[in-house]
Structures are given as structure tokens and as C-alpha cells.
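Worksheet: one structure, shown below.
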Amino acid sequence: MSAPLRKVVFPVAGLGTRFLPASKVVAKEMLPVLDKPLIQYAVDEAVDAGADTLIFITSRYKHAIADYFDTAYELEQKLERSGKQELLAAVRDLIPKHVRCIYVTQSEALGLGHAVLCAKPVVGDEPFGVILPDDLIWNRGAGALRQMAQFAPNPEAGVIAVEEVPREETHRYGIVDADMTSGRAACVRHVVEKPRPEVAPSNLAIVGRYVLPGRIFQLLEKTTPGAGGEIQLTDAIAALLRDGEVHAFRFEGTRFDCGSKLGLVKATLHFALLDPTLAQATRAFVAASF
Ligand code: UTP
């Protein structure tokens, strides 16, 4: 798509049960990987893709996300007075000045599809991105969402990020039926939500990045509860496929499933090993411990 992706939606109203009891009061998206919460990595990726409007779909338990991006006057004044310029910049420059944040409440956790539908009044009819912050994707070059936006062939096309997963894990993901023999992208023939390994059409799993046309909202409005009694985004994408075009896109980068404890541990180690102030000590600790 030649035009940059202006609007990105962050559905962050889920219950985060895999991180209970912590997620009883700490939003999953506020869990840190080193010193940055997951939501910050997601926002950085959206800004990298060209977004100037960030739409957070939150719940009454997730006020911390808006607080985090808000100005902290007292803290900033204290840091300024004590000359801690680096820390001051760290708390002040979370989002570039030209980017605005909009918060929409999903009053009941009725599913990812329903959460995305909550963004309709803000997004309108234009193509938009969706980032699930618990899928943290790291890449040295362009972020995953920028890669997808650049690939998108036209504003009416859907692009969904996919990754090969072990066969036995297909029941945890939306799975695409597509001929991804070579290259990074393929036309999707069919999508299935959480199929058992024996009936899964492939091992290409949908992960938390989407570029979607505005039309998806009309399809979501018609989507009835599917797997788990939730309104599934995958079902609306299946409807989009019937008379439209959806591409599976294998992004360049490493994904960490930070919605799971193991994924969060892996991401923490990965970023610690990239940090010159932590790498040596982390390596030594791991070598000595195992
Ligand atoms: P998950 O399936 O990971 O669910 O949602 P969850 O509630 O966040 O976490 P677990 O599985 O209970 O530990 C995928 C994404 O969809 C959002 C979540 O916040 C997450 O980003 N979501 C899910 C909503 O915003 N609303 C919903 O009703 C459901």
C-alpha cells in the first residue's frame, strides 16, 4: 500500500487469565520486558509503520494503560529538578508529539472480533492495522506491521501475519489454508479457528498482526459467537475471503508469545542479551545455572 497505515488498533481488554494472580490488578500489556511494558513495544511498532492515531480497546480494569501514556507532572518535575535528563526523556518521549491516543471501552470481554468492532467509530472506512501486544515481534529492520503495510496490494485487501508452528499446537491458533511454498506471502483460501492437529489445513498460524480494510466492520457486525462463545476476528476474516482478497504474510523477525509465561521469559532473556549493560552478566548467570 503506498499510503502509510494511519490508524492502529490495540485490543487490550482481554482478561489475561494466564497471568493470574498478577493480572488481577496488573494489565497483561503492562508486564515489562526489561524496563518497557509490552504495550510500549507494540506502540513503537505502530509508529514505525506510520501510524498517527493509536486506538486502545480497554476495559474498566485497564486504566493503567492510559495512565502510562499520560503526562506524569510530579515525576517529570522531580526528574527535571534533579537534572536526570535521560530518565526524564524516558518517561516523556513514549509517543511522538504528532501521534494521538484514543481509548474506547469494551464493556464486556466478548472476544477479539468484538474488541476490534469497538474501534469502528474511530477508524471509519479506511484500512487500519491491528496489533496484539502480547505477541512481541522483534526485528532489526522494519517492524512486522510496516512490512505488512508495505506489502498490502490495495486498500481493500486484508493481510494477516502468519508463522509456522509445531503441528501439535494448531489448536491454540487461527490456522490458514494457503500455498506458502516460497516467498513471504500467499493468497489465503480458508481460515479455521483453533483446529485440532489432525484436521488443520496447515501449520501456518495467524499471529497478532493484521492489516484490514474498513469493510471488516460490516462483517464483524454480522459475525455470531464462534469458538469459545466469543466473537472471533478469524470468522470475519473468513467472511472477507468469500468475496475479497486476504493474504497471509510471513514477516521477517522473531515473535515472542508474551501472553504465556515461557514467552515472557524468552523475550526477557533475548532483550537482556541484546543490552550491552546486561548481556555479559545474563550469559554468565545462564551458563552457571544450567
Ligand atoms: P487472548 O486470547 O490472549 O486472551 O486475547 P486474554 O484474555 O488476553 O489472555 P488469556 O488467554 O486469558 O491469558 C487475544 C487478544 O485479544 C484481546 C486481548 O486483550 C489480547 O490482546 N481481547 C480478547 C480483547 O481485547 N477483548 C476480548 O474480549 C478478548
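Naming works like this for the C-alpha cells: A, B, ... for the chains as they're shown, residue 1 at the start of each chain, ligands 1 onward in shown order.
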Protein and nucleic residues near ligand 1, 8 Å, only C-alpha atoms and all ligand atoms, as a VMD selection string: chain A and resid 10 to 19 28 to 29 57 to 58 106 108 to 116 131 to 134 208 230 259 to 260
Go ahead and save the residues from that selection, with N, CA and C atoms, as a compact mmCIF listing (two decimals), in the first residue's frame.
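Final file, out.txt:
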# COMPACT_ATOMS: atom_id res chain seq x y z
N PHE A 10 -5.29 -1.46 19.17
CA PHE A 10 -4.68 -2.37 20.14
C PHE A 10 -5.80 -2.96 21.01
N PRO A 11 -6.24 -4.18 20.73
CA PRO A 11 -7.29 -4.77 21.58
C PRO A 11 -6.62 -5.25 22.88
N VAL A 12 -6.89 -4.57 23.97
CA VAL A 12 -6.21 -4.92 25.23
C VAL A 12 -7.23 -5.11 26.37
N ALA A 13 -8.42 -5.57 25.99
CA ALA A 13 -9.47 -5.71 27.01
C ALA A 13 -9.64 -7.15 27.50
N GLY A 14 -8.75 -8.04 27.06
CA GLY A 14 -8.87 -9.44 27.49
C GLY A 14 -8.59 -9.58 28.98
N LEU A 15 -8.94 -10.75 29.53
CA LEU A 15 -8.81 -10.94 30.98
C LEU A 15 -7.40 -11.34 31.40
N GLY A 16 -6.62 -11.88 30.47
CA GLY A 16 -5.24 -12.25 30.78
C GLY A 16 -5.14 -13.32 31.85
N THR A 17 -5.97 -14.35 31.74
CA THR A 17 -6.04 -15.34 32.82
C THR A 17 -4.74 -16.12 33.02
N ARG A 18 -3.93 -16.19 31.95
CA ARG A 18 -2.69 -16.97 32.09
C ARG A 18 -1.68 -16.28 33.01
N PHE A 19 -1.95 -15.03 33.33
CA PHE A 19 -1.04 -14.33 34.25
C PHE A 19 -1.69 -14.02 35.60
N LYS A 28 -2.10 -7.26 31.61
CA LYS A 28 -1.07 -8.09 30.97
C LYS A 28 -0.14 -7.26 30.10
N GLU A 29 -0.72 -6.27 29.42
CA GLU A 29 0.06 -5.43 28.50
C GLU A 29 1.03 -4.52 29.22
N ILE A 57 -8.39 -0.48 22.81
CA ILE A 57 -9.68 -1.02 23.24
C ILE A 57 -9.45 -1.60 24.64
N THR A 58 -9.93 -0.89 25.63
CA THR A 58 -9.59 -1.25 27.01
C THR A 58 -10.84 -1.69 27.79
N GLN A 106 -14.36 -1.56 25.92
CA GLN A 106 -15.16 -2.75 25.57
C GLN A 106 -15.81 -3.18 26.89
N GLU A 108 -17.72 -5.54 27.85
CA GLU A 108 -17.71 -6.95 28.21
C GLU A 108 -16.72 -7.66 27.29
N ALA A 109 -15.93 -8.58 27.84
CA ALA A 109 -14.93 -9.27 27.01
C ALA A 109 -15.62 -10.32 26.14
N LEU A 110 -16.16 -9.87 25.01
CA LEU A 110 -16.94 -10.77 24.15
C LEU A 110 -16.10 -11.36 23.02
N GLY A 111 -14.80 -11.14 23.06
CA GLY A 111 -13.92 -11.73 22.06
C GLY A 111 -13.13 -10.69 21.29
N LEU A 112 -12.08 -11.18 20.62
CA LEU A 112 -11.19 -10.29 19.87
C LEU A 112 -11.94 -9.57 18.74
N GLY A 113 -12.83 -10.31 18.06
CA GLY A 113 -13.58 -9.70 16.96
C GLY A 113 -14.44 -8.55 17.48
N HIS A 114 -15.07 -8.77 18.62
CA HIS A 114 -15.91 -7.74 19.22
C HIS A 114 -15.05 -6.54 19.64
N ALA A 115 -13.86 -6.81 20.17
CA ALA A 115 -12.96 -5.72 20.59
C ALA A 115 -12.59 -4.86 19.38
N VAL A 116 -12.27 -5.51 18.26
CA VAL A 116 -11.90 -4.75 17.05
C VAL A 116 -13.10 -3.94 16.56
N ILE A 131 -2.68 -4.63 16.29
CA ILE A 131 -1.53 -5.26 16.96
C ILE A 131 -2.01 -5.84 18.28
N LEU A 132 -1.72 -7.13 18.49
CA LEU A 132 -1.97 -7.73 19.81
C LEU A 132 -0.64 -7.64 20.57
N PRO A 133 -0.61 -6.79 21.60
CA PRO A 133 0.69 -6.51 22.23
C PRO A 133 1.36 -7.71 22.88
N ASP A 134 0.57 -8.75 23.20
CA ASP A 134 1.26 -9.89 23.83
C ASP A 134 2.06 -10.72 22.83
N GLY A 208 -0.40 -12.12 16.07
CA GLY A 208 -1.11 -10.88 16.38
C GLY A 208 -0.83 -9.62 15.58
N GLU A 230 -17.06 -16.71 21.80
CA GLU A 230 -16.60 -15.34 21.58
C GLU A 230 -16.79 -14.93 20.12
N GLY A 259 2.01 -13.67 25.90
CA GLY A 259 0.76 -13.99 26.59
C GLY A 259 0.95 -15.25 27.42
N SER A 260 2.13 -15.89 27.27
CA SER A 260 2.44 -17.09 28.06
C SER A 260 3.69 -16.82 28.89
Nearby residues (only C-alpha atoms) at most 12 Å from Thr71 (chain A), same-chain spacing under 6 positions excluded, as a list in words: Gln77, Leu88, Ala89, Ala90, Val91, Arg92, Asp93, Leu94 and Ile95 of chain A
Alpha helix (DSSP H) call set, DSSP backbone run, region 66-148 of chain A, as a ChimeraX atom specification: /A:66-69,73-81,85-92,112-117,120-123,144-148
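Residues surrounding Ile237 (chain A) within 10 Å are A:Gly113, A:Gly158, A:Val159, A:Ile160, A:His190, A:Val191, A:Val192, A:Leu212, A:Ile216, A:Leu219, A:Leu220, A:Gly244, A:Glu245, A:Val246 [only C-alpha atoms; sequence separation below 6 positions excluded].
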Long-range neighbours of His247 (chain A) as a list in words, 6 Å cut-off, only C-alpha atoms, 6 positions minimum in chain: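 So the residues in contact are Val159, Ala186, Cys187 and Val188 of chain A.
Every protein or nucleic acid residue with an atom no more than 9 Å from Arg196 (chain A), counting only C-alpha atoms and leaving out same-chain residues fewer than 5 positions away, appears here: Arg167, Glu168, Glu169, Thr170, His171 and Arg172 of chain A.
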Spatial neighbours of Glu164 (chain A), 10 Å, only C-alpha atoms, chain gap at least 2 places, as a list in words: Val162, Pro166, Arg167, Thr170, Ile175, Ser202, Asn203, Leu204, Ala205, Ile206, Val207 and Arg250 of chain A
Write the residues of the selection above to a file with N, CA and C atoms, as a PDB file, in the first residue's frame.
ATOM      1  N   VAL A 162       1.486 -14.506   9.578  1.00  0.00           N
ATOM      2  CA  VAL A 162       1.475 -15.932   9.925  1.00  0.00           C
ATOM      3  C   VAL A 162       2.883 -16.399  10.277  1.00  0.00           C
ATOM      4  N   PRO A 166       4.549 -25.709  15.543  1.00  0.00           N
ATOM      5  CA  PRO A 166       4.519 -27.172  15.577  1.00  0.00           C
ATOM      6  C   PRO A 166       3.078 -27.659  15.398  1.00  0.00           C
ATOM      7  N   ARG A 167       2.924 -28.735  14.610  1.00  0.00           N
ATOM      8  CA  ARG A 167       1.587 -29.295  14.311  1.00  0.00           C
ATOM      9  C   ARG A 167       0.703 -29.450  15.551  1.00  0.00           C
ATOM     10  N   THR A 170      -1.638 -26.440  16.724  1.00  0.00           N
ATOM     11  CA  THR A 170      -2.601 -25.736  15.864  1.00  0.00           C
ATOM     12  C   THR A 170      -3.875 -25.350  16.625  1.00  0.00           C
ATOM     13  N   ILE A 175      -5.704 -20.920  11.961  1.00  0.00           N
ATOM     14  CA  ILE A 175      -4.776 -21.545  11.001  1.00  0.00           C
ATOM     15  C   ILE A 175      -5.250 -21.226   9.582  1.00  0.00           C
ATOM     16  N   SER A 202      -3.038 -26.590   7.608  1.00  0.00           N
ATOM     17  CA  SER A 202      -1.590 -26.359   7.512  1.00  0.00           C
ATOM     18  C   SER A 202      -1.081 -26.130   8.938  1.00  0.00           C
ATOM     19  N   ASN A 203       0.184 -25.771   9.046  1.00  0.00           N
ATOM     20  CA  ASN A 203       0.689 -25.365  10.367  1.00  0.00           C
ATOM     21  C   ASN A 203       1.052 -23.875  10.358  1.00  0.00           C
ATOM     22  N   LEU A 204       0.401 -23.127   9.437  1.00  0.00           N
ATOM     23  CA  LEU A 204       0.631 -21.680   9.378  1.00  0.00           C
ATOM     24  C   LEU A 204      -0.365 -20.975  10.297  1.00  0.00           C
ATOM     25  N   ALA A 205       0.158 -20.489  11.411  1.00  0.00           N
ATOM     26  CA  ALA A 205      -0.713 -19.902  12.436  1.00  0.00           C
ATOM     27  C   ALA A 205      -0.791 -18.393  12.272  1.00  0.00           C
ATOM     28  N   ILE A 206      -1.991 -17.863  12.512  1.00  0.00           N
ATOM     29  CA  ILE A 206      -2.176 -16.412  12.486  1.00  0.00           C
ATOM     30  C   ILE A 206      -1.628 -15.878  13.803  1.00  0.00           C
ATOM     31  N   VAL A 207      -0.739 -14.892  13.716  1.00  0.00           N
ATOM     32  CA  VAL A 207      -0.240 -14.269  14.945  1.00  0.00           C
ATOM     33  C   VAL A 207      -0.734 -12.825  14.998  1.00  0.00           C
ATOM     34  N   ARG A 250       4.340 -13.872   5.792  1.00  0.00           N
ATOM     35  CA  ARG A 250       5.352 -14.368   6.727  1.00  0.00           C
ATOM     36  C   ARG A 250       6.348 -13.239   6.971  1.00  0.00           C
TER      37      ARG A 250
END
